[in-house]
file run27.txt (compact mmCIF, C-alpha atoms)
# COMPACT_ATOMS: atom_id res chain seq x y z
CA MET A 1 5.60 -163.67 -59.45
CA SER A 2 4.93 -165.56 -56.24
CA LYS A 3 3.35 -168.96 -56.51
CA ASN A 4 0.73 -170.13 -54.05
CA LEU A 5 1.01 -173.89 -54.54
CA VAL A 6 -0.87 -176.28 -52.30
CA PHE A 7 1.05 -179.35 -53.49
CA THR A 8 4.07 -180.23 -55.56
CA PHE A 9 4.55 -182.79 -58.31
CA GLU A 10 6.67 -185.12 -56.16
CA ASP A 11 4.41 -185.32 -53.10
CA MET A 12 1.08 -185.79 -54.89
CA GLY A 13 -0.86 -188.65 -53.38
CA VAL A 14 -4.34 -189.51 -52.13
CA LYS A 15 -3.36 -189.48 -48.45
CA ASP A 16 -0.73 -186.74 -48.41
CA LYS A 17 -1.18 -183.52 -46.46
CA ALA A 18 -1.37 -181.37 -49.59
CA SER A 19 -4.23 -183.36 -51.17
CA LYS A 20 -6.20 -183.12 -47.93
CA ALA A 21 -5.59 -179.36 -47.96
CA LEU A 22 -6.92 -179.16 -51.53
CA MET A 23 -10.06 -181.03 -50.50
CA LYS A 24 -10.43 -178.59 -47.58
CA TYR A 25 -10.18 -175.59 -49.95
CA PHE A 26 -12.90 -177.08 -52.15
CA ALA A 27 -15.11 -177.69 -49.10
CA ARG A 28 -14.66 -174.07 -47.98
CA ALA A 29 -15.66 -172.91 -51.47
CA GLY A 30 -18.85 -174.99 -51.24
CA ALA A 31 -17.94 -178.06 -53.30
CA ASN A 32 -17.68 -181.31 -51.32
CA VAL A 33 -15.24 -183.86 -52.71
CA VAL A 34 -16.52 -187.42 -52.35
CA SER A 35 -13.65 -189.26 -54.00
CA GLN A 36 -10.10 -188.53 -55.04
CA ASP A 37 -7.63 -190.42 -57.20
CA VAL A 38 -4.03 -189.53 -57.94
CA SER A 39 -2.19 -191.19 -60.79
CA THR A 40 1.15 -192.70 -59.87
CA GLN A 41 2.30 -192.63 -63.49
CA VAL A 42 4.00 -189.64 -65.04
CA LYS A 43 2.45 -188.90 -68.44
CA ARG A 44 3.91 -186.80 -71.23
CA THR A 45 2.07 -184.76 -73.85
CA SER A 46 3.49 -182.06 -76.14
CA GLY A 47 6.82 -182.28 -74.34
CA ILE A 48 5.28 -181.61 -70.91
CA SER A 49 5.45 -184.21 -68.15
CA TYR A 50 2.50 -184.24 -65.77
CA ARG A 51 0.57 -186.30 -63.24
CA GLU A 52 -3.19 -186.47 -62.94
CA MET A 53 -5.43 -185.91 -59.94
CA LYS A 54 -9.13 -186.69 -60.35
CA LEU A 55 -11.76 -185.34 -57.95
CA THR A 56 -15.42 -186.36 -57.91
CA PHE A 57 -17.91 -184.09 -56.15
CA ALA A 58 -21.20 -184.72 -54.35
CA ASP A 59 -23.24 -183.59 -57.38
CA SER A 60 -21.39 -186.12 -59.63
CA GLN A 61 -19.27 -183.49 -61.38
CA THR A 62 -15.62 -184.40 -61.94
CA LEU A 63 -12.42 -182.39 -62.16
CA LEU A 64 -9.20 -183.78 -63.60
CA PHE A 65 -6.08 -181.78 -62.80
CA ARG A 66 -2.93 -182.26 -64.83
CA ILE A 67 -0.02 -181.02 -62.71
CA LYS A 68 3.37 -180.17 -64.26
CA GLN A 69 6.69 -180.94 -62.59
CA SER A 70 6.94 -177.31 -61.47
CA GLY A 71 3.70 -177.77 -59.49
CA ASP A 72 1.64 -175.55 -61.81
CA ILE A 73 -1.69 -176.78 -63.11
CA TYR A 74 -1.10 -177.69 -66.77
CA GLN A 75 -4.70 -178.51 -67.75
CA VAL A 76 -8.09 -178.91 -66.07
CA LEU A 77 -10.90 -181.04 -67.41
CA LEU A 78 -14.32 -180.26 -65.94
CA ASN A 79 -16.75 -183.14 -66.58
CA GLY A 80 -14.43 -184.38 -69.34
CA LYS A 81 -14.13 -181.03 -71.12
CA LEU A 82 -10.96 -178.96 -71.17
CA VAL A 83 -11.52 -175.60 -69.43
CA PRO A 84 -9.14 -172.65 -69.30
CA ILE A 85 -8.13 -171.25 -65.92
CA LYS A 86 -6.38 -167.99 -65.12
CA HIS A 87 -4.62 -169.02 -61.91
CA GLN A 88 -2.64 -172.14 -62.81
CA ASP A 89 0.16 -171.18 -60.42
CA ASP A 90 -2.13 -170.16 -57.54
CA HIS A 91 -3.98 -173.26 -56.41
CA VAL A 92 -6.24 -171.48 -53.90
CA ALA A 93 -7.43 -168.96 -56.51
CA ALA A 94 -7.81 -171.79 -59.05
CA VAL A 95 -10.10 -173.66 -56.63
CA SER A 96 -12.37 -170.59 -56.33
CA GLU A 97 -12.37 -170.15 -60.10
CA LEU A 98 -13.26 -173.81 -60.70
CA VAL A 99 -16.04 -173.84 -58.09
CA LEU A 100 -17.62 -170.86 -59.87
CA MET A 101 -17.45 -172.77 -63.17
CA MET A 102 -19.02 -175.82 -61.54
CA ASP A 103 -21.82 -173.73 -60.01
CA SER A 104 -22.61 -171.96 -63.28
CA GLY A 105 -22.77 -175.22 -65.26
CA ARG A 106 -24.48 -177.36 -62.60
CA ALA A 107 -28.03 -177.12 -64.03
CA LYS A 108 -26.87 -177.98 -67.53
CA PHE A 109 -24.73 -180.86 -66.23
CA GLN A 110 -27.62 -182.29 -64.16
CA ALA A 111 -29.98 -182.04 -67.16
CA ARG A 112 -27.44 -183.85 -69.35
CA LEU A 113 -26.96 -186.48 -66.64
CA ALA A 114 -30.72 -187.03 -66.34
CA ALA A 115 -31.14 -187.28 -70.11
CA ALA A 116 -28.46 -189.95 -70.45
CA LEU A 117 -30.09 -193.24 -71.28
CA VAL A 118 -29.05 -196.22 -69.23
CA LYS A 119 -28.99 -199.51 -71.10
CA ILE A 120 -30.37 -202.43 -69.14
CA PRO A 121 -28.10 -205.46 -69.26
CA PRO A 122 -29.58 -208.36 -71.27
CA THR A 123 -29.51 -210.58 -68.19
CA ILE A 124 -32.09 -208.39 -66.45
CA LYS A 125 -35.67 -209.16 -67.47
CA THR A 126 -38.44 -206.58 -67.17
CA ALA A 127 -42.20 -206.91 -67.27
CA ALA A 128 -42.55 -204.09 -69.82
CA PRO A 129 -42.93 -206.21 -73.01
CA LYS A 130 -45.46 -208.54 -71.33
CA MET A 131 -47.23 -205.57 -69.73
CA LEU A 132 -47.67 -203.93 -73.15
CA GLN A 133 -49.30 -207.05 -74.52
CA VAL A 134 -51.64 -207.38 -71.51
CA LEU A 135 -52.70 -203.73 -71.66
CA THR A 136 -53.26 -203.89 -75.43
CA GLU A 137 -55.53 -206.93 -75.01
CA LYS A 138 -57.41 -205.19 -72.19
CA ARG A 139 -57.90 -202.05 -74.33
CA ASP A 140 -59.20 -204.11 -77.26
CA GLY A 141 -61.60 -205.96 -74.94
CA LEU A 142 -62.93 -202.68 -73.56
CA LYS A 143 -63.43 -201.30 -77.09
CA ALA A 144 -65.41 -204.41 -78.00
CA ALA A 145 -67.54 -204.08 -74.83
CA ILE A 146 -68.23 -200.41 -75.60
CA ALA A 147 -69.27 -201.32 -79.15
CA ASP A 148 -71.68 -204.00 -77.76
CA VAL A 149 -73.24 -201.54 -75.30
CA ARG A 150 -73.69 -198.94 -78.05
CA ALA A 151 -75.31 -201.55 -80.28
CA GLN A 152 -77.70 -202.52 -77.46
CA ILE A 153 -78.54 -198.85 -76.83
CA ALA A 154 -79.19 -198.32 -80.53
CA LYS A 155 -81.39 -201.45 -80.61
CA ILE A 156 -83.39 -200.33 -77.56
CA SER A 157 -83.62 -196.75 -78.83
CA GLY A 158 -84.77 -198.07 -82.21
CA HIS A 159 -87.59 -200.12 -80.55
CA ASP A 160 -88.68 -197.16 -78.44
CA ALA A 161 -88.90 -194.97 -81.52
CA THR A 162 -91.06 -197.53 -83.34
CA MET A 163 -93.29 -198.21 -80.30
CA GLY A 164 -94.05 -194.58 -79.67
CA ALA A 165 -95.16 -193.95 -83.25
call {"tool": "encode", "arguments": {"input": "run27.txt", "output": "structure tokens"}}
result
Amino acid sequence: MSKNLVFTFEDMGVKDKASKALMKYFARAGANVVSQDVSTQVKRTSGISYREMKLTFADSQTLLFRIKQSGDIYQVLLNGKLVPIKHQDDHVAAVSELVLMMDSGRAKFQARLAAALVKIPPTIKTAAPKMLQVLTEKRDGLKAAIADVRAQIAKISGHDATMGA
């Protein structure tokens, strides 16, 4: 089995030649990387040592690669969710596979991103509470004016009915 590895565990870094090559492969596949971060710490889970490389794309999707010491991709998290890949020891094929996953889930991801509520910090004041009060008072005033006009119409209509008889 021949491995097609773009980078190795030891030379992973933000500015190394291999990371730039990975970004180039993603760009060729149609996914533009806007930021990249490589962990300097070696982590260990289930007896496997790995380093992490996080990529953020133009559409706000994120990929987190966990790379084993052999250079194989141990795990991939797409937008925070663990996704299985077939080509963990062929980085170029893995890039194509991941770009297809990103493309197929883009609409759902964008909808989830748009639906996420953003809490306004308490230090920021908005006009919304005051605006609600102003508009409620305006509505009540208009209802009262409409009631007055209807009463005047009824009064005038009532006089016309009695005068004509």
call {"tool": "residues_around", "arguments": {"input": "run27.txt", "residues": "A:Ser35", "least_positions_apart": "6", "cutoff": "10 Å", "atoms": "only C-alpha atoms", "output": "JSON list (two decimals) with C-alpha atoms, keeping the file's coordinate frame"}}
result
[["chain", "number", "residue", "atom", "x", "y", "z"],
["A", 14, "VAL", "CA", -4.34, -189.51, -52.13],
["A", 23, "MET", "CA", -10.06, -181.03, -50.50],
["A", 54, "LYS", "CA", -9.13, -186.69, -60.35],
["A", 55, "LEU", "CA", -11.76, -185.34, -57.95],
["A", 56, "THR", "CA", -15.42, -186.36, -57.91],
["A", 57, "PHE", "CA", -17.91, -184.09, -56.15],
["A", 58, "ALA", "CA", -21.20, -184.72, -54.35],
["A", 62, "THR", "CA", -15.62, -184.40, -61.94]]
call {"tool": "closest_residue", "arguments": {"input": "run27.txt", "among": "A:Val92, A:Ile48, A:Tyr74, A:Val83", "to": "A:Ala21", "atoms": "only C-alpha atoms"}}
result
A:Val92
call {"tool": "atom_distance", "arguments": {"input": "run27.txt", "atom1": "atom CA of A:Ala145", "atom2": "atom CA of A:Leu132"}}
result
19.9 Å
call {"tool": "atom_distance", "arguments": {"input": "run27.txt", "atom1": "atom CA of A:Ala31", "atom2": "atom CA of A:Leu78"}}
result
13.3 Å
call {"tool": "closest_residue", "arguments": {"input": "run27.txt", "among": "A:Leu77, A:Leu82, A:Ile124, A:Val38", "to": "A:Ala18", "atoms": "only C-alpha atoms"}}
result
A:Val38
call {"tool": "residues_around", "arguments": {"input": "run27.txt", "residues": "A:Pro84", "least_positions_apart": "5", "cutoff": "12 Å", "atoms": "all atoms listed in the file", "output": "JSON, numbers by chain"}}
result
{"A": [65, 73, 74, 75, 76, 77, 78, 94, 97, 98, 101]}
call {"tool": "atom_distance", "arguments": {"input": "run27.txt", "atom1": "atom CA of A:Met102", "atom2": "atom CA of A:Phe26"}}
result
11.3 Å
call {"tool": "residues_around", "arguments": {"input": "run27.txt", "residues": "A:Gln69", "least_positions_apart": "3", "cutoff": "10 Å", "atoms": "all atoms listed in the file", "output": "compact mmCIF listing (two decimals) with C-alpha atoms, keeping the file's coordinate frame"}}
result
# COMPACT_ATOMS: atom_id res chain seq x y z
CA THR A 8 4.07 -180.23 -55.56
CA PHE A 9 4.55 -182.79 -58.31
CA GLU A 10 6.67 -185.12 -56.16
CA VAL A 42 4.00 -189.64 -65.04
CA ILE A 48 5.28 -181.61 -70.91
CA SER A 49 5.45 -184.21 -68.15
CA TYR A 50 2.50 -184.24 -65.77
CA ARG A 51 0.57 -186.30 -63.24
CA ARG A 66 -2.93 -182.26 -64.83
CA ASP A 72 1.64 -175.55 -61.81
CA ILE A 73 -1.69 -176.78 -63.11
CA TYR A 74 -1.10 -177.69 -66.77
call {"tool": "residues_around", "arguments": {"input": "run27.txt", "residues": "A:Ser60", "least_positions_apart": "5", "cutoff": "9 Å", "atoms": "all atoms listed in the file", "output": "PyMOL selection string"}}
result
chain A and resi 34+79+110+113
call {"tool": "write_last_selection", "arguments": {"input": "run27.txt", "atoms": "C-alpha atoms", "output": "mmCIF file, keeping the file's coordinate frame"}}
result
data_model
loop_
_atom_site.group_PDB
_atom_site.id
_atom_site.type_symbol
_atom_site.label_atom_id
_atom_site.label_comp_id
_atom_site.auth_asym_id
_atom_site.auth_seq_id
_atom_site.Cartn_x
_atom_site.Cartn_y
_atom_site.Cartn_z
ATOM 1 C CA VAL A 34 -16.520 -187.420 -52.350
ATOM 2 C CA ASN A 79 -16.750 -183.140 -66.580
ATOM 3 C CA GLN A 110 -27.620 -182.290 -64.160
ATOM 4 C CA LEU A 113 -26.960 -186.480 -66.640
#
call {"tool": "closest_residue", "arguments": {"input": "run27.txt", "among": "A:Ala107, A:Ile146, A:Val95, A:Ala27", "to": "A:Gln61", "atoms": "only C-alpha atoms"}}
result
A:Ala107
